[in-house]
Amino acid sequence: MNTILKSAAATAAMAVLNLAHAGPAPANSSWDAAQNERSFNGNVIAINAADNTISVKGVFFTRNFNTAADCKVSLDDKAVASLAELRPGQKVAIRYESADGVLIAKNIAQHDMAYTGHIAAIDPVARKLALKEGIMTRDLAIAPDCAVVLKGDQSGTCAALQVGDTVHVIYEPANGSPVARRIEQKSDSFVGTLQAVDATTRSVKVRGGIAERKFNLADSCPIVINGKLNGGLSDLRIGERVSLSYDNKDGVLIANRLSPMTGTIGMESAAPASSQTAQAGNQQPYNYNGY
């Protein structure tokens, strides 16, 4: 028994001596580096790719970073990028170390800033866009090289966009104002003659050629009347031509934009104008109760 106790004590003493001789772990170990890493989020103010430096404005102050030789840079749409591909205004998240007060960026990740809403107004010539997002309307400038992406990721122009379109806008701040860098409108479109309106289910039936389709209106679907987003189902007339933007969700067609096409009422099922209906007092221009 004494022999066992002596052996255990000798082993413990040897372990203590080994630790004493080993000394502390190197300061530049990967574990210590990970412990020293910090994060900073903000918008790019300036970049000097030649000097490998970047300035970023956060909520309260601006910080200047040197970039490590192995600094990883990524964009929202590009996993591996370079410092030169960043530009002022972009939002970035930086992981960095502080070496005696010198900030060294180890990882820079750019993240898109975006709004999603309905186009309230658009002027392709003046390059201006008003976007209605909930109860708020935002005014944006459209960058000269702004990309417009349509259904199927096809490239388009601002001329293809309409009031009422649901769009996803990627923007960057410039001089305190948002500037659209990419506008996505990826819904399908359909044009036809309005056959029926059901206010209870918020749905319409539209015939295009020999095909008749039923569209359910999204809660936020605007009915565009004379270029304004404030139309209602009561503004629609059976027999008139309408255009819709919609998404197909598992076979259910969900309209996110509906607009009458002025002056295209079908003669075979034309309804009287709203003023005429008001005078007649006993005519119903649309069907509330079904098909």
# chains A, B, ... in the order shown; residues from 1 in each chain; ligands from 1
>>> closest_atom_pairs(of="segment 55-159 of chain A", to="segment 233-254 of chain A", cutoff="12 Å", atoms="only C-alpha atoms", output="CSV")
residue,atom,partner,partner_atom,distance
A:His118,CA,A:Ser245,CA,11.7
A:Leu150,CA,A:Ser245,CA,11.8
A:Lys151,CA,A:Asp247,CA,10.3
>>> residues_around(residues="Pro222 of chain A", least_positions_apart="3", cutoff="9 Å", atoms="only C-alpha atoms", output="list in words")
His118, Gly164, Asp165, Leu217, Ala218, Asp219, Lys228, Leu229, Asn230, Gly231, Gly232, Asn256, Arg257, Leu258 and Ser259 of chain A
>>> closest_residue(among="A:Ala49, A:Ile225, A:Ile122, A:Cys71", to="Arg138 of chain A", atoms="only C-alpha atoms")
A:Ile122
>>> closest_residue(among="A:Gly192, A:Gly89, A:Gly42, A:Pro124", to="Cys146 of chain A", atoms="only C-alpha atoms")
A:Pro124
>>> closest_residue(among="A:Leu194, A:Val163, A:Leu103, A:Ala109", to="Gln90 of chain A", atoms="only C-alpha atoms")
A:Ala109
>>> select_by_dssp(residues="segment 142-291 of chain A", states="strand (DSSP E or B)", output="short mmCIF file (atom, residue, chain, number, x, y, z; two decimals) with C-alpha atoms, in the first residue's frame")
data_model
loop_
_atom_site.label_atom_id
_atom_site.label_comp_id
_atom_site.auth_asym_id
_atom_site.auth_seq_id
_atom_site.Cartn_x
_atom_site.Cartn_y
_atom_site.Cartn_z
CA ILE A 142 -31.51 55.14 -58.88
CA ALA A 143 -27.80 54.64 -59.52
CA PRO A 144 -26.73 55.03 -63.17
CA ASP A 145 -25.49 51.44 -63.17
CA CYS A 146 -28.43 50.08 -61.15
CA ALA A 147 -29.24 46.51 -62.19
CA VAL A 148 -32.87 45.62 -62.92
CA VAL A 149 -33.64 41.90 -62.59
CA LEU A 150 -36.89 40.43 -63.91
CA GLN A 154 -33.44 38.21 -66.89
CA SER A 155 -31.79 41.60 -67.13
CA GLY A 156 -34.15 44.54 -67.69
CA THR A 166 -43.66 44.52 -55.80
CA VAL A 167 -39.89 44.96 -55.84
CA HIS A 168 -36.91 44.05 -53.71
CA VAL A 169 -34.46 46.96 -53.74
CA ILE A 170 -30.84 46.62 -52.66
CA TYR A 171 -29.51 50.04 -51.78
CA GLU A 172 -26.53 51.87 -50.35
CA PRO A 173 -26.50 55.21 -48.52
CA ALA A 174 -24.83 58.13 -50.28
CA SER A 177 -29.84 59.28 -48.85
CA PRO A 178 -30.48 55.73 -50.12
CA VAL A 179 -29.39 54.92 -53.67
CA ALA A 180 -30.84 51.86 -55.43
CA ARG A 181 -28.10 49.57 -56.75
CA ARG A 182 -30.30 46.61 -57.75
CA ILE A 183 -34.07 46.32 -58.28
CA GLU A 184 -35.67 42.89 -58.51
CA ASP A 188 -45.14 36.69 -63.68
CA SER A 189 -47.60 38.90 -65.56
CA PHE A 190 -51.01 38.28 -67.13
CA VAL A 191 -53.34 40.44 -69.24
CA GLY A 192 -56.96 39.62 -69.90
CA THR A 193 -60.64 40.54 -69.57
CA LEU A 194 -62.13 40.71 -66.10
CA GLN A 195 -64.89 38.09 -65.75
CA ALA A 196 -65.81 38.21 -62.06
CA VAL A 197 -64.86 39.78 -58.74
CA ASP A 198 -65.48 38.21 -55.34
CA SER A 203 -60.32 36.97 -55.75
CA VAL A 204 -60.91 37.71 -59.42
CA LYS A 205 -61.36 35.68 -62.58
CA VAL A 206 -59.64 36.91 -65.73
CA ARG A 207 -59.86 35.49 -69.25
CA GLY A 208 -56.89 35.77 -71.56
CA ALA A 211 -57.80 30.51 -70.82
CA GLU A 212 -59.57 31.75 -67.70
CA ARG A 213 -57.59 32.04 -64.50
CA LYS A 214 -58.51 32.71 -60.92
CA PHE A 215 -56.25 35.03 -58.95
CA ASN A 216 -56.30 35.46 -55.19
CA LEU A 217 -55.28 38.96 -54.15
CA ILE A 223 -55.21 48.04 -57.19
CA VAL A 224 -53.65 50.73 -59.33
CA ILE A 225 -56.08 53.35 -60.64
CA LYS A 228 -52.19 55.60 -57.82
CA LEU A 229 -52.11 52.74 -55.32
CA ASN A 230 -55.37 53.63 -53.57
CA GLY A 231 -57.87 51.74 -55.76
CA GLU A 240 -62.59 45.65 -68.88
CA ARG A 241 -59.05 44.60 -69.64
CA VAL A 242 -56.75 44.30 -66.65
CA SER A 243 -53.10 43.53 -66.09
CA LEU A 244 -51.83 41.54 -63.13
CA SER A 245 -48.51 40.62 -61.60
CA TYR A 246 -48.61 37.38 -59.66
CA ASP A 247 -46.69 34.52 -58.09
CA ASN A 248 -47.56 30.84 -58.46
CA LYS A 249 -47.47 29.15 -55.05
CA VAL A 252 -52.38 28.90 -56.39
CA LEU A 253 -52.05 32.20 -58.27
CA ILE A 254 -51.46 35.09 -55.87
CA ALA A 255 -51.76 38.57 -57.37
CA ASN A 256 -49.48 41.27 -55.99
CA ARG A 257 -50.55 43.97 -58.46
CA LEU A 258 -53.82 44.57 -60.34
CA SER A 259 -54.54 47.44 -62.67
CA PRO A 260 -57.35 48.21 -65.14
CA MET A 261 -56.12 49.08 -68.62
CA THR A 262 -57.91 52.33 -69.42
CA GLY A 263 -60.07 52.34 -72.52
CA THR A 264 -60.13 48.59 -73.03
CA ILE A 265 -63.61 47.58 -71.88
#
>>> decode(residues="segment 214-258 of chain A", atoms="N, CA and C atoms", output="compact mmCIF listing (two decimals), in the first residue's frame")
# COMPACT_ATOMS: atom_id res chain seq x y z
N LYS A 214 -58.08 32.09 -62.17
CA LYS A 214 -58.51 32.71 -60.92
C LYS A 214 -57.28 33.20 -60.17
N PHE A 215 -57.34 34.44 -59.71
CA PHE A 215 -56.25 35.03 -58.95
C PHE A 215 -56.75 35.44 -57.57
N ASN A 216 -56.03 35.01 -56.55
CA ASN A 216 -56.30 35.46 -55.19
C ASN A 216 -55.43 36.68 -54.91
N LEU A 217 -56.03 37.74 -54.40
CA LEU A 217 -55.28 38.96 -54.15
C LEU A 217 -54.55 38.87 -52.81
N ALA A 218 -53.25 39.13 -52.83
CA ALA A 218 -52.49 39.18 -51.59
C ALA A 218 -53.02 40.32 -50.72
N ASP A 219 -52.83 40.20 -49.42
CA ASP A 219 -53.31 41.24 -48.50
C ASP A 219 -52.80 42.62 -48.90
N SER A 220 -51.55 42.67 -49.37
CA SER A 220 -50.94 43.96 -49.70
C SER A 220 -51.06 44.31 -51.18
N CYS A 221 -51.83 43.51 -51.95
CA CYS A 221 -51.93 43.75 -53.39
C CYS A 221 -52.57 45.10 -53.68
N PRO A 222 -51.85 46.02 -54.34
CA PRO A 222 -52.47 47.29 -54.69
C PRO A 222 -53.31 47.17 -55.95
N ILE A 223 -54.42 47.89 -55.97
CA ILE A 223 -55.21 48.04 -57.19
C ILE A 223 -54.89 49.43 -57.71
N VAL A 224 -54.20 49.47 -58.83
CA VAL A 224 -53.65 50.73 -59.33
C VAL A 224 -54.67 51.39 -60.25
N ILE A 225 -55.12 52.58 -59.86
CA ILE A 225 -56.08 53.35 -60.64
C ILE A 225 -55.44 54.69 -60.99
N ASN A 226 -55.30 54.94 -62.28
CA ASN A 226 -54.71 56.20 -62.75
C ASN A 226 -53.35 56.47 -62.11
N GLY A 227 -52.54 55.42 -62.02
CA GLY A 227 -51.18 55.59 -61.50
C GLY A 227 -51.08 55.73 -60.00
N LYS A 228 -52.19 55.49 -59.27
CA LYS A 228 -52.19 55.60 -57.82
C LYS A 228 -52.48 54.23 -57.20
N LEU A 229 -51.98 54.04 -55.97
CA LEU A 229 -52.11 52.74 -55.32
C LEU A 229 -53.37 52.61 -54.47
N ASN A 230 -54.25 53.59 -54.53
CA ASN A 230 -55.37 53.63 -53.57
C ASN A 230 -56.68 53.10 -54.14
N GLY A 231 -56.64 52.28 -55.19
CA GLY A 231 -57.87 51.74 -55.76
C GLY A 231 -58.44 50.62 -54.90
N GLY A 232 -59.71 50.28 -55.16
CA GLY A 232 -60.37 49.21 -54.45
C GLY A 232 -61.10 48.30 -55.42
N LEU A 233 -61.63 47.20 -54.92
CA LEU A 233 -62.37 46.27 -55.77
C LEU A 233 -63.56 46.93 -56.44
N SER A 234 -64.16 47.92 -55.78
CA SER A 234 -65.32 48.60 -56.34
C SER A 234 -64.96 49.45 -57.55
N ASP A 235 -63.68 49.68 -57.78
CA ASP A 235 -63.25 50.44 -58.96
C ASP A 235 -63.13 49.57 -60.20
N LEU A 236 -63.26 48.27 -60.04
CA LEU A 236 -63.13 47.35 -61.17
C LEU A 236 -64.46 47.19 -61.88
N ARG A 237 -64.41 46.93 -63.19
CA ARG A 237 -65.60 46.79 -64.02
C ARG A 237 -65.53 45.49 -64.82
N ILE A 238 -66.58 44.70 -64.73
CA ILE A 238 -66.63 43.46 -65.49
C ILE A 238 -66.52 43.79 -66.98
N GLY A 239 -65.67 43.06 -67.68
CA GLY A 239 -65.51 43.26 -69.12
C GLY A 239 -64.32 44.12 -69.49
N GLU A 240 -63.75 44.81 -68.52
CA GLU A 240 -62.59 45.65 -68.88
C GLU A 240 -61.32 44.81 -68.85
N ARG A 241 -60.34 45.27 -69.60
CA ARG A 241 -59.05 44.60 -69.64
C ARG A 241 -58.25 45.00 -68.41
N VAL A 242 -57.57 44.04 -67.83
CA VAL A 242 -56.75 44.30 -66.65
C VAL A 242 -55.40 43.62 -66.81
N SER A 243 -54.41 44.17 -66.13
CA SER A 243 -53.10 43.53 -66.09
C SER A 243 -52.79 43.16 -64.64
N LEU A 244 -52.17 42.02 -64.46
CA LEU A 244 -51.83 41.54 -63.13
C LEU A 244 -50.38 41.10 -63.09
N SER A 245 -49.78 41.27 -61.92
CA SER A 245 -48.51 40.62 -61.60
C SER A 245 -48.82 39.61 -60.51
N TYR A 246 -48.23 38.43 -60.61
CA TYR A 246 -48.61 37.38 -59.66
C TYR A 246 -47.48 36.39 -59.46
N ASP A 247 -47.60 35.61 -58.37
CA ASP A 247 -46.69 34.52 -58.09
C ASP A 247 -47.50 33.23 -58.00
N ASN A 248 -46.91 32.15 -58.49
CA ASN A 248 -47.56 30.84 -58.46
C ASN A 248 -47.02 30.07 -57.26
N LYS A 249 -47.86 29.88 -56.25
CA LYS A 249 -47.47 29.15 -55.05
C LYS A 249 -48.19 27.80 -55.03
N ASP A 250 -47.47 26.77 -55.48
CA ASP A 250 -48.04 25.42 -55.50
C ASP A 250 -49.36 25.36 -56.25
N GLY A 251 -49.43 26.06 -57.38
CA GLY A 251 -50.63 26.03 -58.20
C GLY A 251 -51.66 27.09 -57.86
N VAL A 252 -51.48 27.81 -56.77
CA VAL A 252 -52.38 28.90 -56.39
C VAL A 252 -51.77 30.21 -56.89
N LEU A 253 -52.54 30.95 -57.69
CA LEU A 253 -52.05 32.20 -58.27
C LEU A 253 -52.36 33.35 -57.32
N ILE A 254 -51.32 34.01 -56.84
CA ILE A 254 -51.46 35.09 -55.87
C ILE A 254 -51.04 36.40 -56.52
N ALA A 255 -52.03 37.29 -56.72
CA ALA A 255 -51.76 38.57 -57.37
C ALA A 255 -51.14 39.55 -56.38
N ASN A 256 -50.08 40.23 -56.82
CA ASN A 256 -49.48 41.27 -55.99
C ASN A 256 -49.58 42.65 -56.65
N ARG A 257 -50.26 42.69 -57.79
CA ARG A 257 -50.55 43.97 -58.46
C ARG A 257 -51.70 43.73 -59.42
N LEU A 258 -52.68 44.66 -59.43
CA LEU A 258 -53.82 44.57 -60.34
C LEU A 258 -54.15 45.97 -60.82
